[in-house]
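Quick look at final09.cif (mmCIF, C-alpha atoms):
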data_start
#
loop_
_atom_site.label_atom_id
_atom_site.label_comp_id
_atom_site.auth_asym_id
_atom_site.auth_seq_id
_atom_site.Cartn_x
_atom_site.Cartn_y
_atom_site.Cartn_z
CA MET A 1 71.03 71.20 153.87
CA ALA A 2 69.51 73.67 156.34
CA LEU A 3 70.13 73.23 160.03
CA ARG A 4 67.11 71.56 161.70
CA ALA A 5 65.80 72.96 165.00
CA LEU A 6 63.17 71.43 167.25
CA VAL A 7 61.37 73.70 169.73
CA VAL A 8 59.64 72.06 172.70
CA GLY A 9 56.77 74.34 173.76
CA GLY A 10 54.55 76.61 171.69
CA GLY A 11 54.05 79.48 174.12
CA ILE A 12 55.20 83.01 173.46
CA GLY A 13 58.91 82.27 173.98
CA GLY A 14 58.95 79.09 171.92
CA THR A 15 56.92 80.56 169.08
CA ALA A 16 59.07 83.69 168.99
CA ALA A 17 62.19 81.51 168.84
CA ALA A 18 60.69 79.58 165.93
CA VAL A 19 60.00 82.83 164.07
CA ALA A 20 63.57 84.00 164.58
CA LEU A 21 64.98 80.64 163.46
CA ALA A 22 62.76 80.51 160.36
CA GLN A 23 63.78 84.04 159.42
CA ALA A 24 67.42 82.91 159.66
CA GLY A 25 66.78 80.15 157.13
CA ILE A 26 66.71 77.32 159.67
CA ASP A 27 64.27 74.43 159.24
CA VAL A 28 62.26 74.66 162.50
CA ARG A 29 59.41 72.66 164.02
CA VAL A 30 57.47 73.48 167.20
CA TYR A 31 55.98 70.70 169.34
CA GLU A 32 53.26 71.88 171.74
CA GLN A 33 51.47 69.69 174.30
CA ALA A 34 48.09 71.43 173.99
CA GLN A 35 45.67 70.35 171.30
CA ARG A 36 45.80 73.79 169.71
CA LEU A 37 48.18 76.71 169.77
CA ALA A 38 46.48 79.14 172.15
CA GLU A 39 47.28 81.34 175.14
CA VAL A 40 44.80 81.41 177.98
CA GLY A 41 44.66 83.90 180.79
CA ALA A 42 45.03 87.61 180.58
CA GLY A 43 47.39 90.36 179.52
CA VAL A 44 51.09 91.12 179.63
CA SER A 45 52.98 94.39 179.63
CA LEU A 46 55.54 94.69 176.86
CA ALA A 47 58.55 96.76 177.90
CA PRO A 48 61.02 98.46 175.53
CA ASN A 49 63.36 95.45 175.50
CA GLY A 50 60.55 93.13 174.42
CA LEU A 51 59.09 95.64 171.95
CA ARG A 52 62.47 95.92 170.20
CA MET A 53 62.55 92.16 169.71
CA LEU A 54 58.99 92.09 168.35
CA GLU A 55 59.90 94.78 165.81
CA ARG A 56 62.79 92.60 164.64
CA LEU A 57 60.45 89.62 164.33
CA GLY A 58 58.02 91.57 162.14
CA ALA A 59 55.22 91.92 164.68
CA GLY A 60 55.55 95.67 165.32
CA GLY A 61 52.56 96.64 163.19
CA GLY A 62 50.34 94.10 164.89
CA ILE A 63 51.44 95.30 168.33
CA ALA A 64 50.47 98.85 167.39
CA ARG A 65 47.06 97.61 166.23
CA LEU A 66 46.19 95.21 169.06
CA GLY A 67 48.12 96.65 171.99
CA ALA A 68 47.34 99.57 174.29
CA ARG A 69 50.18 101.92 175.15
CA HIS A 70 50.38 103.03 178.78
CA THR A 71 50.15 106.79 178.21
CA SER A 72 49.69 107.39 181.95
CA THR A 73 51.11 105.45 184.91
CA GLU A 74 49.77 105.94 188.43
CA LEU A 75 50.93 104.53 191.75
CA ARG A 76 48.24 104.88 194.43
CA LEU A 77 47.66 104.00 198.06
CA SER A 78 44.96 101.52 198.98
CA ASP A 79 42.36 104.27 199.48
CA GLY A 80 43.04 105.72 196.03
CA ARG A 81 45.22 108.67 197.01
CA PRO A 82 48.32 109.19 194.84
CA ALA A 83 51.48 107.71 196.38
CA ARG A 84 54.42 110.08 196.64
CA HIS A 85 57.45 108.87 194.72
CA GLU A 86 60.27 110.08 192.55
CA PRO A 87 59.78 109.70 188.76
CA HIS A 88 62.33 106.89 188.57
CA GLN A 89 60.57 104.89 191.31
CA PHE A 90 57.64 103.77 189.16
CA ALA A 91 56.94 102.92 185.52
CA ARG A 92 57.50 105.71 183.02
CA ALA A 93 54.47 106.69 180.99
CA GLY A 94 54.51 105.96 177.26
CA ARG A 95 57.14 103.22 177.32
CA ASN A 96 55.14 100.01 177.81
CA VAL A 97 52.31 98.43 175.83
CA GLY A 98 49.62 96.16 177.30
CA ILE A 99 48.49 93.27 175.12
CA HIS A 100 46.34 90.16 175.52
CA ARG A 101 48.55 87.06 175.63
CA ALA A 102 46.41 85.39 172.94
CA ASP A 103 46.80 88.39 170.65
CA LEU A 104 50.57 88.36 171.07
CA LEU A 105 50.82 84.63 170.39
CA GLY A 106 48.58 84.99 167.33
CA LEU A 107 50.80 87.73 165.89
CA LEU A 108 53.90 85.58 166.33
CA ALA A 109 52.27 82.42 164.97
CA ALA A 110 51.20 84.33 161.86
CA GLU A 111 54.90 84.89 161.05
CA LEU A 112 55.62 81.13 160.94
CA PRO A 113 55.72 79.08 157.73
CA PRO A 114 52.64 76.82 157.36
CA GLY A 115 53.01 73.46 159.06
CA THR A 116 55.64 74.61 161.56
CA VAL A 117 53.60 73.74 164.68
CA ARG A 118 52.65 70.23 165.79
CA THR A 119 50.08 70.24 168.61
CA GLY A 120 49.15 67.35 170.92
CA HIS A 121 52.82 66.51 171.61
CA ARG A 122 53.82 66.47 175.29
CA CYS A 123 57.58 66.05 175.58
CA THR A 124 58.76 63.18 177.79
CA GLY A 125 62.46 63.17 176.97
CA VAL A 126 65.32 64.67 174.99
CA GLN A 127 68.11 62.68 173.35
CA GLN A 128 71.36 63.74 171.72
CA ASP A 129 74.66 62.37 170.45
CA ALA A 130 77.51 63.58 168.26
CA GLY A 131 75.36 63.38 165.15
CA GLY A 132 72.12 65.02 166.21
CA ALA A 133 69.37 65.50 168.78
CA GLY A 134 65.71 64.70 169.20
CA ALA A 135 62.72 64.50 171.48
CA SER A 136 60.21 61.84 172.45
CA PHE A 137 56.56 62.46 173.23
CA ALA A 138 53.78 60.96 175.34
CA ASN A 139 51.84 59.92 172.22
CA GLY A 140 54.66 57.52 171.32
CA THR A 141 56.20 59.58 168.53
CA THR A 142 59.71 60.95 168.23
CA ALA A 143 61.27 63.81 166.28
CA ALA A 144 64.83 64.32 165.12
CA ALA A 145 66.78 67.52 164.55
CA ASP A 146 70.25 69.02 164.85
CA VAL A 147 69.42 71.12 167.92
CA VAL A 148 66.62 71.22 170.52
CA ILE A 149 65.29 74.31 172.30
CA GLY A 150 63.40 73.71 175.55
CA ALA A 151 60.71 76.39 175.85
CA ASP A 152 58.36 74.31 177.99
CA GLY A 153 57.93 76.56 181.02
CA ILE A 154 58.75 76.41 184.71
CA HIS A 155 57.81 72.70 184.86
CA SER A 156 60.13 72.00 181.93
CA THR A 157 60.91 68.41 180.97
CA ALA A 158 63.84 69.59 178.85
CA GLN A 159 65.44 71.33 181.86
CA GLY A 160 66.18 67.97 183.47
CA PHE A 161 68.33 67.01 180.47
CA VAL A 162 70.58 70.09 180.90
CA VAL A 163 71.21 69.90 184.65
CA ALA A 164 69.64 67.93 187.51
CA PRO A 165 65.90 68.66 187.68
CA ALA A 166 65.19 71.73 189.84
CA GLU A 167 61.76 71.86 191.45
CA PRO A 168 59.82 75.16 191.52
CA VAL A 169 59.30 76.71 194.96
CA PHE A 170 56.07 78.43 196.03
CA SER A 171 56.66 82.14 196.69
CA GLY A 172 53.92 82.60 199.30
CA VAL A 173 51.94 84.84 196.95
CA VAL A 174 48.83 84.09 194.91
CA ALA A 175 47.65 86.28 192.04
CA TYR A 176 44.04 86.63 190.96
CA ARG A 177 43.97 87.89 187.42
CA GLY A 178 41.71 88.25 184.44
CA LEU A 179 40.11 90.57 181.91
CA VAL A 180 37.06 92.80 182.08
CA PRO A 181 35.39 95.20 179.66
CA CYS A 182 36.48 98.77 180.30
CA VAL A 183 34.93 100.09 183.51
CA ASP A 184 33.02 103.37 183.26
CA GLY A 185 35.23 106.23 184.34
CA TYR A 186 38.52 104.34 184.19
CA PRO A 187 40.91 106.65 182.31
CA ALA A 188 41.97 105.44 178.87
CA GLY A 189 45.58 104.38 178.42
CA THR A 190 46.26 104.29 182.17
CA LEU A 191 48.27 101.72 184.09
CA ARG A 192 47.35 102.04 187.75
CA MET A 193 48.75 100.14 190.73
CA TRP A 194 47.37 100.36 194.25
CA VAL A 195 49.70 99.33 197.09
CA GLY A 196 48.99 98.36 200.68
CA GLU A 197 50.48 96.17 203.37
CA SER A 198 51.37 92.76 201.85
CA LYS A 199 49.02 93.28 198.86
CA HIS A 200 48.82 95.20 195.64
CA PHE A 201 46.36 95.50 192.75
CA LEU A 202 47.32 96.28 189.15
CA VAL A 203 45.14 97.36 186.20
CA PHE A 204 46.12 98.23 182.63
CA PRO A 205 44.36 98.24 179.23
CA VAL A 206 44.82 95.63 176.48
CA ARG A 207 43.24 94.82 173.10
CA ALA A 208 43.46 98.36 171.74
CA GLY A 209 41.98 99.69 174.99
CA ARG A 210 38.72 97.70 174.82
CA LEU A 211 39.59 95.45 177.80
CA LEU A 212 41.24 95.96 181.17
CA ASN A 213 43.73 93.45 182.52
CA TYR A 214 43.72 93.17 186.31
CA VAL A 215 45.91 91.33 188.81
CA GLY A 216 45.43 91.22 192.58
CA PHE A 217 48.46 89.95 194.52
CA VAL A 218 47.77 88.51 197.98
CA PRO A 219 49.80 86.45 200.48
CA SER A 220 49.00 82.79 201.06
CA ASP A 221 50.25 80.25 203.58
CA THR A 222 49.01 77.42 201.36
CA SER A 223 50.66 76.60 198.07
CA VAL A 224 48.39 76.94 195.05
CA ARG A 225 48.94 75.11 191.77
CA GLU A 226 51.03 77.06 189.28
CA SER A 227 48.61 77.49 186.40
CA TRP A 228 47.62 80.08 183.84
CA SER A 229 44.06 78.75 183.68
CA ALA A 230 42.88 77.66 187.16
CA PRO A 231 39.57 79.46 187.83
CA GLY A 232 39.58 82.25 190.38
CA ASP A 233 36.81 83.27 192.79
CA PRO A 234 35.77 86.94 192.39
CA ALA A 235 34.14 86.87 195.84
CA ALA A 236 37.40 85.77 197.47
CA LEU A 237 39.29 88.46 195.57
CA ALA A 238 36.74 91.10 196.63
CA ALA A 239 37.19 90.05 200.26
CA HIS A 240 40.96 90.49 200.02
CA PHE A 241 40.53 94.08 198.82
CA ALA A 242 37.50 95.10 200.88
CA GLY A 243 37.84 98.70 202.06
CA TRP A 244 40.27 99.65 199.27
CA ASP A 245 39.57 102.22 196.54
CA PRO A 246 36.03 101.61 195.17
CA VAL A 247 37.45 101.47 191.63
CA ILE A 248 39.03 98.11 192.55
CA GLY A 249 35.63 96.84 193.63
CA GLU A 250 34.14 97.88 190.30
CA VAL A 251 36.84 96.00 188.38
CA ILE A 252 36.39 92.85 190.50
CA ALA A 253 32.61 93.00 190.12
CA ALA A 254 33.00 93.19 186.33
CA ALA A 255 35.05 89.98 186.40
CA GLY A 256 31.89 88.06 187.32
CA GLN A 257 29.78 89.64 184.58
CA PRO A 258 29.48 88.67 180.88
CA GLY A 259 32.75 89.43 179.11
CA GLY A 260 34.78 89.18 182.32
CA SER A 261 37.13 86.43 183.42
CA GLY A 262 39.02 85.41 186.54
CA PHE A 263 41.91 83.02 187.17
CA GLN A 264 43.98 82.06 190.19
CA TRP A 265 47.73 81.80 189.73
CA GLY A 266 50.10 80.40 192.33
CA MET A 267 53.42 82.19 191.88
CA TYR A 268 56.51 80.01 191.87
CA ASP A 269 60.22 80.70 191.66
CA ARG A 270 63.28 78.48 191.30
CA ALA A 271 66.92 78.70 192.28
CA PRO A 272 69.09 79.84 189.35
CA LEU A 273 70.44 77.03 187.19
CA PRO A 274 74.23 76.75 186.82
CA ARG A 275 73.83 76.60 183.04
CA TRP A 276 71.08 76.74 180.41
CA SER A 277 72.69 74.64 177.67
CA SER A 278 74.18 71.19 177.24
CA GLY A 279 75.53 70.13 173.87
CA ARG A 280 72.77 70.38 171.30
CA LEU A 281 70.09 71.34 173.85
CA THR A 282 69.39 74.80 175.23
CA LEU A 283 66.61 76.38 177.31
CA LEU A 284 64.77 79.70 177.17
CA GLY A 285 62.23 81.65 179.18
CA ASP A 286 60.75 80.05 182.28
CA ALA A 287 62.45 76.73 181.49
CA ALA A 288 65.79 78.50 181.98
CA HIS A 289 65.10 81.38 184.39
CA PRO A 290 61.58 81.69 185.83
CA MET A 291 60.96 85.00 187.56
CA LEU A 292 58.19 86.46 189.65
CA PRO A 293 56.05 88.95 187.71
CA HIS A 294 56.50 92.07 189.82
CA LEU A 295 58.74 93.77 187.23
CA GLY A 296 56.74 92.38 184.31
CA GLN A 297 59.88 91.02 182.69
CA GLY A 298 59.07 87.33 182.20
CA VAL A 299 57.63 87.63 178.71
CA ASN A 300 60.07 90.37 177.71
CA GLN A 301 63.15 88.36 178.64
CA ALA A 302 61.69 85.28 176.94
CA LEU A 303 61.46 87.38 173.76
CA GLU A 304 65.10 88.42 174.20
CA ASP A 305 66.07 84.76 174.65
CA ALA A 306 64.19 83.89 171.47
#
Please express what this file holds, its structure, as structure tokens.
Amino acid sequence: MALRALVVGGGIGGTAAAVALAQAGIDVRVYEQAQRLAEVGAGVSLAPNGLRMLERLGAGGGIARLGARHTSTELRLSDGRPARHEPHQFARAGRNVGIHRADLLGLLAAELPPGTVRTGHRCTGVQQDAGGAGASFANGTTAAADVVIGADGIHSTAQGFVVAPAEPVFSGVVAYRGLVPCVDGYPAGTLRMWVGESKHFLVFPVRAGRLLNYVGFVPSDTSVRESWSAPGDPAALAAHFAGWDPVIGEVIAAAGQPGGSGFQWGMYDRAPLPRWSSGRLTLLGDAAHPMLPHLGQGVNQALEDA
């Protein structure tokens, strides 16, 4: 009889893990708290380590079709002038691919056997003994398996069943992020980051170059809820970057127009856990090792975990 695996969390890391397990001949089920398997928010940058994993999972062709390779990478000062730096001090052109989170999740989900995902299941506990493991859910149901994988994010329920629960800590930084249709004059295939005192603004293309992903990082003395979907205020974002390169203003203005979107994301970190596994339960991604997004490695290392 095939080994049975239960994945708690149907985000990118959990879904990728399920694909890998299914390809290895393991009977896998994914339990996701949302009512449907969907990624909200904006884009991610896939680095070589993540791209290698996606090739192994069979999603390489889809990445080439739906992603947008960063053929040019530019580091600029707040007024738009190029920043002086050595080649190794900023992202290398041609290596990374921007992709909408929903597109990436859709590609991975398409690799799963039908019926793998159960939505509407918020995990409330994990159980295990010498003979097996399982999870319980807020809707009153339970599920049994041989092993459990906690892929339920920085606020993981599963994490508390590996080691003592570790609370996330606000980093003092808030990110405004979203998607806009390509702005006139913005160069195709270009990742551009503007840097200034205590702030920076990042733009790169996704969805085969038809959309631009933007993120504005600003300091905050007040903790903001960690959320991928809390609405952001374009006017507040514009005020933070007033007087910067006019291109930033054009991107922010497009966020408030049809086809644009804006979210506010409180950025949290957590002290490293002493271990990520206990018996038949293990963790991956943000449940195991949340990281701030400044190196763009969160999704890539979740794919490696998977």
**OP:** With the file shown as input, list the residues that the PyMOL selection byres ((chain A and resi 34) around 9) selects, as a list of chain:residue names.
**Re:**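 After applying the PyMOL selection byres ((chain A and resi 34) around 9), what remains is A:Gly10, A:Glu32, A:Gln33, A:Gln35, A:Arg36, A:Leu37, A:Ala38, A:Thr119, A:Gly120, A:His121, A:Arg122.
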**OP:** Report the distance between atom CA of A:Leu212 and atom CA of A:Arg101 in Å, rounded to one decimal place.
**Re:** 12.8 Å
Original post:
Near A:Met53, within 12 Å and counting only C-alpha atoms, which residues show up once chain neighbours fewer than 2 positions away are dropped, as a VMD selection string?
Top reply: chain A and resid 13 16 to 17 19 to 20 46 to 51 55 to 60 63 108 299 to 306
With C-alpha atoms retained, export the selected residues as an mmCIF file, in the coordinates of the input.
data_model
loop_
_atom_site.group_PDB
_atom_site.id
_atom_site.type_symbol
_atom_site.label_atom_id
_atom_site.label_comp_id
_atom_site.auth_asym_id
_atom_site.auth_seq_id
_atom_site.Cartn_x
_atom_site.Cartn_y
_atom_site.Cartn_z
ATOM 1 C CA GLY A 13 58.910 82.270 173.980
ATOM 2 C CA ALA A 16 59.070 83.690 168.990
ATOM 3 C CA ALA A 17 62.190 81.510 168.840
ATOM 4 C CA VAL A 19 60.000 82.830 164.070
ATOM 5 C CA ALA A 20 63.570 84.000 164.580
ATOM 6 C CA LEU A 46 55.540 94.690 176.860
ATOM 7 C CA ALA A 47 58.550 96.760 177.900
ATOM 8 C CA PRO A 48 61.020 98.460 175.530
ATOM 9 C CA ASN A 49 63.360 95.450 175.500
ATOM 10 C CA GLY A 50 60.550 93.130 174.420
ATOM 11 C CA LEU A 51 59.090 95.640 171.950
ATOM 12 C CA GLU A 55 59.900 94.780 165.810
ATOM 13 C CA ARG A 56 62.790 92.600 164.640
ATOM 14 C CA LEU A 57 60.450 89.620 164.330
ATOM 15 C CA GLY A 58 58.020 91.570 162.140
ATOM 16 C CA ALA A 59 55.220 91.920 164.680
ATOM 17 C CA GLY A 60 55.550 95.670 165.320
ATOM 18 C CA ILE A 63 51.440 95.300 168.330
ATOM 19 C CA LEU A 108 53.900 85.580 166.330
ATOM 20 C CA VAL A 299 57.630 87.630 178.710
ATOM 21 C CA ASN A 300 60.070 90.370 177.710
ATOM 22 C CA GLN A 301 63.150 88.360 178.640
ATOM 23 C CA ALA A 302 61.690 85.280 176.940
ATOM 24 C CA LEU A 303 61.460 87.380 173.760
ATOM 25 C CA GLU A 304 65.100 88.420 174.200
ATOM 26 C CA ASP A 305 66.070 84.760 174.650
ATOM 27 C CA ALA A 306 64.190 83.890 171.470
#
Original post:
Pick from A:Arg4, A:Lys199, A:His294, A:Arg280: nearest to A:Ala158, with only C-alpha atoms counted?
Top reply: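 When distances to A:Ala158 are compared using only C-alpha atoms, the smallest one comes from A:Arg280.
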**OP:** Determine the residue membership of the PyMOL selection byres ((chain A and resi 69) around 7) for the file above and supply it as a VMD selection string.
**Re:** chain A and resid 67 to 68 70 to 71 94 96 to 98 189
**OP:** Would you translate the PyMOL selection byres ((chain A and resi 79) around 10) into the concrete set of residues it matches in this file, as a ChimeraX atom specification?
**Re:** /A:76-78,80-82,194-196,243-248
Subject >> Selection near stretch 233-237 of chain A, 9 Å with only C-alpha atoms, sequence-local residues under 3 positions removed, as a count of residues only >> reply: 13
**OP:** Mind giving me the straight-line distance from atom CA of A:Gly172 to atom CA of A:Asp221 in Å, one decimal?
**Re:** 6.1 Å
**OP:** Have a look at A:Gly160, A:Gly279, A:Pro219, A:Gly43 and name the one nearest to A:Gly296; count only C-alpha atoms.
**Re:**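 When distances to A:Gly296 are compared using only C-alpha atoms, the smallest one comes from A:Gly43.
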Original post:
Given the choices A:Gln89, A:Thr15, A:Ser45, A:Thr282, which gets closest to A:Leu107 if the distance is worked out from only C-alpha atoms?
Top reply: A:Thr15
Subject >> Distance in Å - atom CA of A:Ala102 versus atom CA of A:Pro272 >> reply: 28.5 Å
**OP:** Write out as a ChimeraX atom specification the residues lying within 6 Å of A:Val203, counting all atoms listed in the file and excluding same-chain residues fewer than 6 positions away.
**Re:** /A:191-192,213-214
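When only C-alpha atoms are used to measure the gap to A:Ala93, the shortest distance among A:Gly150, A:Gly115, A:Thr190, A:Pro168 belongs to A:Thr190.
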Kindly complete stretch 253-267 of chain A to N, CA, C and O atoms; the output should be written as an mmCIF file, keeping the file's coordinate frame.
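The new file out_14.cif reads:
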data_model
loop_
_atom_site.group_PDB
_atom_site.id
_atom_site.type_symbol
_atom_site.label_atom_id
_atom_site.label_comp_id
_atom_site.auth_asym_id
_atom_site.auth_seq_id
_atom_site.Cartn_x
_atom_site.Cartn_y
_atom_site.Cartn_z
ATOM 1 N N ALA A 253 34.008 93.323 190.413
ATOM 2 C CA ALA A 253 32.610 93.000 190.120
ATOM 3 C C ALA A 253 32.416 92.694 188.637
ATOM 4 O O ALA A 253 31.660 91.793 188.272
ATOM 5 N N ALA A 254 33.122 93.422 187.776
ATOM 6 C CA ALA A 254 33.000 93.190 186.330
ATOM 7 C C ALA A 254 33.559 91.843 185.925
ATOM 8 O O ALA A 254 33.157 91.276 184.902
ATOM 9 N N ALA A 255 34.477 91.290 186.730
ATOM 10 C CA ALA A 255 35.050 89.980 186.400
ATOM 11 C C ALA A 255 34.004 88.880 186.432
ATOM 12 O O ALA A 255 34.142 87.869 185.734
ATOM 13 N N GLY A 256 32.952 89.060 187.232
ATOM 14 C CA GLY A 256 31.890 88.060 187.320
ATOM 15 C C GLY A 256 30.747 88.286 186.364
ATOM 16 O O GLY A 256 29.772 87.530 186.375
ATOM 17 N N GLN A 257 30.835 89.308 185.528
ATOM 18 C CA GLN A 257 29.780 89.640 184.580
ATOM 19 C C GLN A 257 30.139 89.116 183.187
ATOM 20 O O GLN A 257 31.281 88.732 182.921
ATOM 21 N N PRO A 258 29.181 89.089 182.249
ATOM 22 C CA PRO A 258 29.480 88.670 180.880
ATOM 23 C C PRO A 258 30.643 89.465 180.299
ATOM 24 O O PRO A 258 30.694 90.694 180.433
ATOM 25 N N GLY A 259 31.567 88.779 179.672
ATOM 26 C CA GLY A 259 32.750 89.430 179.110
ATOM 27 C C GLY A 259 33.916 89.503 180.052
ATOM 28 O O GLY A 259 35.022 89.863 179.649
ATOM 29 N N GLY A 260 33.695 89.167 181.344
ATOM 30 C CA GLY A 260 34.780 89.180 182.320
ATOM 31 C C GLY A 260 35.342 87.787 182.545
ATOM 32 O O GLY A 260 34.719 86.782 182.208
ATOM 33 N N SER A 261 36.520 87.723 183.117
ATOM 34 C CA SER A 261 37.130 86.430 183.420
ATOM 35 C C SER A 261 37.971 86.557 184.678
ATOM 36 O O SER A 261 38.385 87.663 185.059
ATOM 37 N N GLY A 262 38.211 85.421 185.326
ATOM 38 C CA GLY A 262 39.020 85.410 186.540
ATOM 39 C C GLY A 262 39.768 84.108 186.686
ATOM 40 O O GLY A 262 39.196 83.025 186.507
ATOM 41 N N PHE A 263 41.064 84.199 186.983
ATOM 42 C CA PHE A 263 41.910 83.020 187.170
ATOM 43 C C PHE A 263 42.722 83.189 188.448
ATOM 44 O O PHE A 263 42.952 84.309 188.918
ATOM 45 N N GLN A 264 43.144 82.072 188.991
ATOM 46 C CA GLN A 264 43.980 82.060 190.190
ATOM 47 C C GLN A 264 45.328 81.473 189.807
ATOM 48 O O GLN A 264 45.410 80.416 189.192
ATOM 49 N N TRP A 265 46.389 82.137 190.218
ATOM 50 C CA TRP A 265 47.730 81.800 189.730
ATOM 51 C C TRP A 265 48.674 81.742 190.919
ATOM 52 O O TRP A 265 49.006 82.758 191.512
ATOM 53 N N GLY A 266 49.071 80.532 191.304
ATOM 54 C CA GLY A 266 50.100 80.400 192.330
ATOM 55 C C GLY A 266 51.444 80.788 191.745
ATOM 56 O O GLY A 266 51.830 80.317 190.674
ATOM 57 N N MET A 267 52.173 81.662 192.427
ATOM 58 C CA MET A 267 53.420 82.190 191.880
ATOM 59 C C MET A 267 54.618 81.435 192.433
ATOM 60 O O MET A 267 54.837 81.400 193.639
#
